[in-house]
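Engineer: Following this line is final-v2.txt, made up of compact mmCIF, C-alpha atoms and all ligand atoms:
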# COMPACT_ATOMS: atom_id res chain seq x y z
CA MET A 1 -8.18 18.92 -4.23
CA LEU A 2 -5.29 16.78 -5.43
CA VAL A 3 -5.79 13.71 -7.60
CA ILE A 4 -3.42 10.77 -7.14
CA MET A 5 -3.26 8.52 -10.18
CA GLY A 6 -1.25 5.62 -11.52
CA PRO A 7 -1.59 2.04 -12.63
CA VAL A 8 -3.11 -0.72 -10.57
CA GLY A 9 -0.51 -1.61 -7.92
CA SER A 10 1.44 1.67 -8.11
CA GLY A 11 0.91 2.24 -4.38
CA LYS A 12 -1.65 5.05 -4.47
CA GLY A 13 -3.52 3.76 -1.43
CA THR A 14 -0.37 3.39 0.68
CA VAL A 15 0.92 6.86 -0.17
CA ILE A 16 -2.42 8.51 0.49
CA ARG A 17 -2.82 6.79 3.86
CA ARG A 18 0.64 7.99 4.91
CA LEU A 19 0.01 11.54 3.77
CA CYS A 20 -3.19 11.61 5.82
CA GLU A 21 -1.43 10.22 8.90
CA LYS A 22 1.29 12.89 8.67
CA HIS A 23 -0.82 15.89 7.76
CA SER A 24 -4.21 16.37 9.36
CA PHE A 25 -5.39 18.73 6.60
CA TYR A 26 -5.56 15.91 4.06
CA ARG A 27 -8.72 13.88 3.63
CA ALA A 28 -8.59 10.70 1.55
CA VAL A 29 -11.35 9.81 -0.88
CA ASP A 30 -10.71 6.30 -2.20
CA THR A 31 -13.15 5.54 -5.01
CA GLY A 32 -12.46 1.78 -5.05
CA GLU A 33 -12.98 1.52 -1.29
CA ILE A 34 -16.22 3.52 -1.41
CA LEU A 35 -17.49 1.21 -4.16
CA ARG A 36 -16.41 -1.93 -2.29
CA LYS A 37 -18.31 -0.76 0.82
CA LYS A 38 -21.36 0.16 -1.23
CA SER A 39 -21.29 -3.24 -2.94
CA GLN A 40 -21.68 -4.96 0.43
CA GLU A 41 -25.04 -3.28 1.09
CA GLU A 42 -28.42 -4.68 0.06
CA GLY A 43 -30.36 -3.51 -2.99
CA PRO A 44 -30.17 -3.34 -6.78
CA VAL A 45 -27.50 -0.60 -7.00
CA SER A 46 -25.15 -2.54 -4.72
CA ARG A 47 -25.75 -5.68 -6.76
CA GLU A 48 -24.98 -3.80 -9.96
CA ILE A 49 -21.73 -2.43 -8.52
CA ARG A 50 -20.70 -5.90 -7.35
CA GLN A 51 -21.00 -7.30 -10.86
CA TYR A 52 -18.44 -4.82 -12.18
CA LEU A 53 -16.05 -5.17 -9.24
CA ASP A 54 -16.08 -8.96 -9.57
CA LYS A 55 -14.97 -8.71 -13.18
CA GLY A 56 -12.41 -5.93 -12.72
CA LEU A 57 -14.45 -3.64 -14.99
CA LEU A 58 -15.26 0.01 -14.46
CA VAL A 59 -18.55 0.76 -12.72
CA PRO A 60 -20.67 3.06 -14.99
CA ASP A 61 -19.33 6.61 -14.98
CA GLU A 62 -22.48 8.47 -13.94
CA LEU A 63 -23.12 6.07 -11.08
CA VAL A 64 -19.58 6.39 -9.67
CA SER A 65 -19.65 10.13 -10.07
CA ARG A 66 -22.96 10.41 -8.19
CA ILE A 67 -21.71 8.26 -5.30
CA LEU A 68 -18.47 10.21 -5.15
CA GLU A 69 -20.18 13.58 -5.16
CA GLU A 70 -22.38 12.53 -2.23
CA GLU A 71 -19.30 11.38 -0.32
CA ILE A 72 -17.32 14.58 -1.01
CA ALA A 73 -20.21 16.91 -0.24
CA PHE A 74 -20.96 14.99 2.97
CA SER A 75 -17.40 14.74 4.33
CA ARG A 76 -16.36 18.25 3.37
CA ARG A 77 -14.67 20.46 5.98
CA ASP A 78 -13.13 23.90 5.52
CA SER A 79 -9.32 24.02 5.38
CA GLU A 80 -9.02 20.37 4.33
CA VAL A 81 -7.53 19.18 1.06
CA PHE A 82 -9.09 16.14 -0.59
CA LEU A 83 -6.75 13.47 -1.95
CA LEU A 84 -8.76 11.75 -4.61
CA ASP A 85 -7.79 8.16 -5.40
CA GLY A 86 -9.17 6.18 -8.34
CA PHE A 87 -11.12 8.92 -10.13
CA PRO A 88 -11.13 9.98 -12.94
CA ARG A 89 -10.32 6.76 -14.77
CA ASN A 90 -11.44 7.73 -18.28
CA LEU A 91 -12.10 10.92 -20.23
CA ARG A 92 -15.82 10.94 -19.48
CA GLN A 93 -14.97 10.94 -15.77
CA VAL A 94 -12.58 13.87 -16.30
CA TYR A 95 -15.56 15.85 -17.54
CA LEU A 96 -17.80 14.62 -14.70
CA LEU A 97 -15.18 15.59 -12.13
CA GLU A 98 -14.90 19.08 -13.60
CA GLU A 99 -18.66 19.50 -13.37
CA MET A 100 -18.73 18.17 -9.82
CA LEU A 101 -15.96 20.48 -8.62
CA LYS A 102 -17.63 23.47 -10.23
CA LYS A 103 -20.85 22.64 -8.41
CA LEU A 104 -19.09 22.17 -5.07
CA ASP A 105 -16.76 25.15 -5.63
CA ILE A 106 -13.59 23.09 -5.15
CA THR A 107 -10.34 23.74 -7.08
CA LEU A 108 -8.24 20.96 -8.59
CA LYS A 109 -4.68 22.00 -7.74
CA GLY A 110 -2.76 19.14 -9.31
CA VAL A 111 -2.68 15.56 -10.51
CA PHE A 112 0.15 13.33 -9.28
CA TRP A 113 0.95 10.43 -11.57
CA LEU A 114 2.70 7.55 -9.80
CA GLU A 115 5.02 5.85 -12.27
CA VAL A 116 5.99 2.24 -11.81
CA SER A 117 6.80 -0.59 -14.22
CA GLU A 118 4.11 -3.14 -14.98
CA GLU A 119 6.33 -5.88 -13.60
CA GLN A 120 6.80 -4.12 -10.26
CA ALA A 121 3.11 -3.26 -9.98
CA ARG A 122 2.13 -6.88 -10.58
CA GLU A 123 4.63 -8.02 -7.96
CA ARG A 124 3.21 -5.53 -5.44
CA MET A 125 -0.29 -6.85 -5.98
CA ARG A 126 0.79 -10.44 -5.61
CA TYR A 127 2.13 -9.65 -2.14
CA ARG A 128 -0.55 -7.13 -1.12
CA ARG A 129 -2.66 -7.84 1.96
CA VAL A 130 -5.14 -5.45 3.48
CA CYS A 131 -6.57 -5.28 6.97
CA SER A 132 -10.19 -6.42 6.96
CA GLU A 133 -10.94 -3.95 9.79
CA CYS A 134 -9.10 -0.66 9.13
CA GLY A 135 -7.96 -1.08 5.51
CA ALA A 136 -4.20 -0.69 6.28
CA ILE A 137 -2.09 -2.00 3.40
CA TYR A 138 0.84 -4.43 3.73
CA HIS A 139 3.34 -6.03 1.36
CA MET A 140 4.19 -9.50 2.63
CA LYS A 141 7.86 -9.15 1.60
CA ASN A 142 8.73 -5.46 1.77
CA LEU A 143 6.28 -4.13 4.34
CA PRO A 144 5.17 -7.13 6.42
CA PRO A 145 3.21 -6.88 9.68
CA LYS A 146 5.02 -7.70 12.96
CA VAL A 147 2.87 -10.78 13.46
CA GLU A 148 1.94 -12.76 10.36
CA GLY A 149 -1.64 -12.23 9.23
CA ILE A 150 -2.40 -9.60 11.89
CA CYS A 151 -2.65 -5.83 11.43
CA ASP A 152 -0.07 -3.83 13.46
CA ARG A 153 -2.48 -0.94 13.95
CA CYS A 154 -5.74 -2.54 15.03
CA GLY A 155 -5.18 -6.32 15.37
CA GLY A 156 -7.58 -7.06 12.49
CA SER A 157 -6.91 -10.01 10.22
CA LEU A 158 -5.10 -9.45 6.92
CA VAL A 159 -6.67 -10.68 3.71
CA ALA A 160 -5.93 -10.58 -0.02
CA ARG A 161 -8.34 -8.39 -1.96
CA GLU A 162 -10.70 -10.51 -4.05
CA ASP A 163 -9.96 -8.51 -7.17
CA ASP A 164 -6.20 -9.12 -6.75
CA ALA A 165 -6.73 -12.59 -8.25
CA PRO A 166 -4.44 -12.98 -11.34
CA GLU A 167 -7.19 -13.08 -13.99
CA ILE A 168 -8.93 -10.02 -12.55
CA ILE A 169 -5.62 -8.15 -12.30
CA ARG A 170 -5.11 -8.81 -16.01
CA GLN A 171 -8.49 -7.28 -16.74
CA ARG A 172 -7.82 -4.25 -14.50
CA TRP A 173 -4.52 -3.61 -16.34
CA LYS A 174 -6.29 -3.78 -19.68
CA VAL A 175 -8.87 -1.21 -18.50
CA TYR A 176 -6.05 0.99 -17.21
CA LYS A 177 -4.16 0.95 -20.50
CA GLU A 178 -7.17 1.50 -22.71
CA GLN A 179 -9.11 4.02 -20.66
CA THR A 180 -6.99 5.63 -17.97
CA GLN A 181 -3.79 6.46 -19.85
CA PRO A 182 -5.56 9.07 -22.05
CA VAL A 183 -6.48 10.88 -18.82
CA ARG A 184 -2.78 11.48 -18.22
CA GLU A 185 -2.38 13.16 -21.59
CA TRP A 186 -5.38 15.36 -20.87
CA TYR A 187 -4.00 16.67 -17.58
CA LYS A 188 -0.56 17.08 -19.12
CA ARG A 189 -2.00 19.39 -21.73
CA LYS A 190 -3.72 21.32 -18.95
CA SER A 191 -0.35 21.68 -17.12
CA LEU A 192 -1.81 20.02 -14.04
CA LEU A 193 0.27 16.83 -14.21
CA PHE A 194 3.22 16.00 -11.93
CA TYR A 195 5.18 12.80 -12.38
CA VAL A 196 6.23 10.86 -9.28
CA ASP A 197 8.76 8.01 -9.39
CA ALA A 198 6.82 5.36 -7.46
CA SER A 199 9.40 2.59 -7.69
CA GLY A 200 10.96 3.33 -4.27
CA THR A 201 9.77 2.96 -0.69
CA PRO A 202 6.56 4.69 0.47
CA ASP A 203 8.66 7.36 2.25
CA GLU A 204 10.59 8.14 -0.92
CA VAL A 205 7.37 8.52 -2.86
CA LEU A 206 5.84 10.66 -0.10
CA ARG A 207 8.79 13.02 -0.11
CA GLN A 208 8.35 13.84 -3.79
CA ILE A 209 4.75 14.89 -3.19
CA GLU A 210 5.63 16.86 -0.04
CA ILE A 211 8.36 18.79 -1.87
CA TRP A 212 5.82 19.94 -4.41
CA GLU A 213 3.41 20.91 -1.65
CA GLU A 214 6.07 23.03 0.09
CA LYS A 215 6.52 25.21 -2.98
CA PRO A 216 4.72 28.54 -2.70
P1 LIG B 301 -9.18 0.22 -6.98
O1 LIG B 301 -9.38 -0.01 -5.52
O2 LIG B 301 -8.87 1.64 -7.30
O3 LIG B 301 -8.19 -0.73 -7.58
O4 LIG B 301 -10.59 -0.09 -7.68
C1 LIG B 301 -11.19 -1.36 -7.56
C2 LIG B 301 -12.35 -1.49 -8.53
O5 LIG B 301 -13.36 -0.50 -8.25
C3 LIG B 301 -12.01 -1.28 -10.01
O6 LIG B 301 -11.50 -2.44 -10.61
C4 LIG B 301 -13.38 -0.88 -10.58
O7 LIG B 301 -14.21 -2.02 -10.74
C5 LIG B 301 -13.97 -0.04 -9.45
N1 LIG B 301 -13.62 1.40 -9.62
C6 LIG B 301 -12.73 2.11 -8.88
N2 LIG B 301 -12.65 3.39 -9.31
C7 LIG B 301 -13.52 3.48 -10.34
C8 LIG B 301 -13.91 4.54 -11.22
N3 LIG B 301 -13.36 5.76 -11.14
N4 LIG B 301 -14.83 4.26 -12.17
C9 LIG B 301 -15.38 3.05 -12.28
N5 LIG B 301 -15.06 2.01 -11.50
C10 LIG B 301 -14.14 2.21 -10.53
Rewrite the structure from the file as structure tokens, please.
Ligand code: AMP
Structural biologist:
Amino acid sequence: MLVIMGPVGSGKGTVIRRLCEKHSFYRAVDTGEILRKKSQEEGPVSREIRQYLDKGLLVPDELVSRILEEEIAFSRRDSEVFLLDGFPRNLRQVYLLEEMLKKLDITLKGVFWLEVSEEQARERMRYRRVCSECGAIYHMKNLPPKVEGICDRCGGSLVAREDDAPEIIRQRWKVYKEQTQPVREWYKRKSLLFYVDASGTPDEVLRQIEIWEEKP
């Protein structure tokens, strides 16, 4: 397993999608997307998740970890490498991930930290649109679709994510600074951390990860 981390708007989702398109041995696990899907279902757990998503707050650690473990155990195939997006986001989740991987007998090979300035990340989110059908990610200025509002891949309509509203973005950044940055220090001490300059194009970011992967 590889973990892809970075601030809100650093382009984790875009990079992971491209890696999966290029290399069939990668399998993406996007925590935010799994939670968004779960929040659309009926029942008390879905309602609880929705409350956190709507405010830009972290869903309780044990709950996210349980949902994630089910997803990983279910979608597991031999010879595939998981690319984990959005987890762990605080130190408690670091511990929960360790426990989960031990149980599933999966090795964490590295943590890629996508570095981007706050200004650039905010700008990316302002222009972000996602396909309501297949989840493809666009940037209305730098990576626009061929036809406005329509996904190039599947023809689905493009929408802004509800939690990309300015006041929720502010809250998500606050959570990131307070809770997620200590995770970086933890993995650094464990010598598992690799910095990636995420200020360039998706291809430039991809290349930095691929170079690391090519090393023996
Ligand atoms: P993302 O798509 O990664 O930006 O995540 C969207 C939202 O999902 C976050 O603002 C949180 O409410 C929730 N979320 C995603 N990952 C986690 C996590 N590891 N722990 C708790 N909540 C999460």
Engineer: Which residues are near ligand LIG 301 (chain B) - at most 7 Å, using only C-alpha atoms and all ligand atoms? Format: as a ChimeraX atom specification.
Structural biologist: /A:8,31-33,35-36,52-53,56-61,64,85-89,172
Engineer: Nearest residue to Glu98 (chain A) out of A:Leu143, A:Glu210, A:Ser65, A:Glu118, using all atoms listed in the file?
Structural biologist: A:Ser65
Engineer: Let me make sure I understand: among A:Asp152, A:Glu80, A:Ile34, A:Ile137, which one has the smallest atom-to-atom distance to Ile106 (chain A) if we use only C-alpha atoms?
Structural biologist: A:Glu80
Engineer: Would you list the residues near (9.5, -6.4, 3.9) (no more than 12 Å away, in the coordinates of the file, using all atoms listed in the file) as a VMD selection string?
Structural biologist: chain A and resid 124 127 to 128 138 to 146 148 201 to 202
Engineer: Show which residues sit within 12 Å of Arg207 (chain A), as JSON, numbers by chain. Count all atoms listed in the file, and ignore same-chain residues fewer than 5 positions away.
Structural biologist: {"A": [15, 18, 19, 22, 196, 197, 198, 200, 201, 202, 212, 213, 214]}
Engineer: Taking into account all atoms listed in the file, which residue in the set A:Leu68, A:Val81, A:Ala136, A:Ile168 is nearest to Leu96 (chain A)?
Structural biologist: A:Leu68
Engineer: Here is a test: counting only C-alpha atoms, which residue of A:Glu133, A:Asp78, A:Asp203, A:Glu167 is nearest to Cys154 (chain A)?
Structural biologist: A:Glu133
Engineer: With distances taken over all atoms listed in the file, which residue among A:Asp164, A:Glu178, A:Asp54, A:Glu69 lies nearest Ser39 (chain A)?
Structural biologist: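 For Ser39 (chain A), the nearest of the candidates is A:Asp54.
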Engineer: Can you tell me how far CA of Ser132 (chain A) sits from CA of Gln40 (chain A), in Å to one decimal?
Structural biologist: 13.3 Å
Engineer: With distances taken over only C-alpha atoms, which residue among A:Val94, A:Val116, A:Leu193, A:Ile150 lies nearest Cys134 (chain A)?
Structural biologist: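 Closest candidate: A:Ile150.
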Engineer: One decimal, Å: what's the distance from CA of Ile67 (chain A) over to CA of Arg92 (chain A), could you say?
Structural biologist: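 About the pair CA of Ile67 (chain A) and CA of Arg92 (chain A): they are 15.6 Å apart.
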Engineer: Each residue of region 47-119 of chain A lying at most 7 Å from region 2-7 of chain A should get a row with its shortest atom-to-atom pair and the distance in Å to one decimal, counting only C-alpha atoms; could you produce that, ordered by chain and increasing number, as JSON lines?
Structural biologist:
{"residue": "A:Phe82", "atom": "CA", "partner": "A:Leu2", "partner_atom": "CA", "distance": 6.2}
{"residue": "A:Leu83", "atom": "CA", "partner": "A:Leu2", "partner_atom": "CA", "distance": 5.0}
{"residue": "A:Leu84", "atom": "CA", "partner": "A:Val3", "partner_atom": "CA", "distance": 4.6}
{"residue": "A:Asp85", "atom": "CA", "partner": "A:Ile4", "partner_atom": "CA", "distance": 5.4}
{"residue": "A:Gly86", "atom": "CA", "partner": "A:Met5", "partner_atom": "CA", "distance": 6.6}
{"residue": "A:Leu108", "atom": "CA", "partner": "A:Leu2", "partner_atom": "CA", "distance": 6.0}
{"residue": "A:Lys109", "atom": "CA", "partner": "A:Leu2", "partner_atom": "CA", "distance": 5.7}
{"residue": "A:Gly110", "atom": "CA", "partner": "A:Leu2", "partner_atom": "CA", "distance": 5.2}
{"residue": "A:Val111", "atom": "CA", "partner": "A:Val3", "partner_atom": "CA", "distance": 4.6}
{"residue": "A:Phe112", "atom": "CA", "partner": "A:Ile4", "partner_atom": "CA", "distance": 4.9}
{"residue": "A:Trp113", "atom": "CA", "partner": "A:Met5", "partner_atom": "CA", "distance": 4.8}
{"residue": "A:Leu114", "atom": "CA", "partner": "A:Gly6", "partner_atom": "CA", "distance": 4.7}
{"residue": "A:Glu115", "atom": "CA", "partner": "A:Gly6", "partner_atom": "CA", "distance": 6.3}
Engineer: Kindly export the residues of the current selection with C-alpha atoms, as a PDB file, in the frame of the given file.
Structural biologist:
ATOM      1  CA  PHE A  82      -9.090  16.140  -0.590  1.00  0.00           C
ATOM      2  CA  LEU A  83      -6.750  13.470  -1.950  1.00  0.00           C
ATOM      3  CA  LEU A  84      -8.760  11.750  -4.610  1.00  0.00           C
ATOM      4  CA  ASP A  85      -7.790   8.160  -5.400  1.00  0.00           C
ATOM      5  CA  GLY A  86      -9.170   6.180  -8.340  1.00  0.00           C
ATOM      6  CA  LEU A 108      -8.240  20.960  -8.590  1.00  0.00           C
ATOM      7  CA  LYS A 109      -4.680  22.000  -7.740  1.00  0.00           C
ATOM      8  CA  GLY A 110      -2.760  19.140  -9.310  1.00  0.00           C
ATOM      9  CA  VAL A 111      -2.680  15.560 -10.510  1.00  0.00           C
ATOM     10  CA  PHE A 112       0.150  13.330  -9.280  1.00  0.00           C
ATOM     11  CA  TRP A 113       0.950  10.430 -11.570  1.00  0.00           C
ATOM     12  CA  LEU A 114       2.700   7.550  -9.800  1.00  0.00           C
ATOM     13  CA  GLU A 115       5.020   5.850 -12.270  1.00  0.00           C
TER      14      GLU A 115
END
Engineer: What separation in Å, quoted to one decimal, exists between CA of Trp173 (chain A) and CA of Tyr26 (chain A)?
Structural biologist: 28.3 Å
Engineer: Enclose all atoms of region 2-8 of chain A listed in the file in an axis-aligned box, grow every side by 3 Å, and hand back centre and edge lengths in Å to one decimal, as lines of an AutoDock Vina configuration file.
Structural biologist:
center_x = -3.5
center_y = 8.0
center_z = -9.0
size_x = 10.5
size_y = 23.5
size_z = 13.2
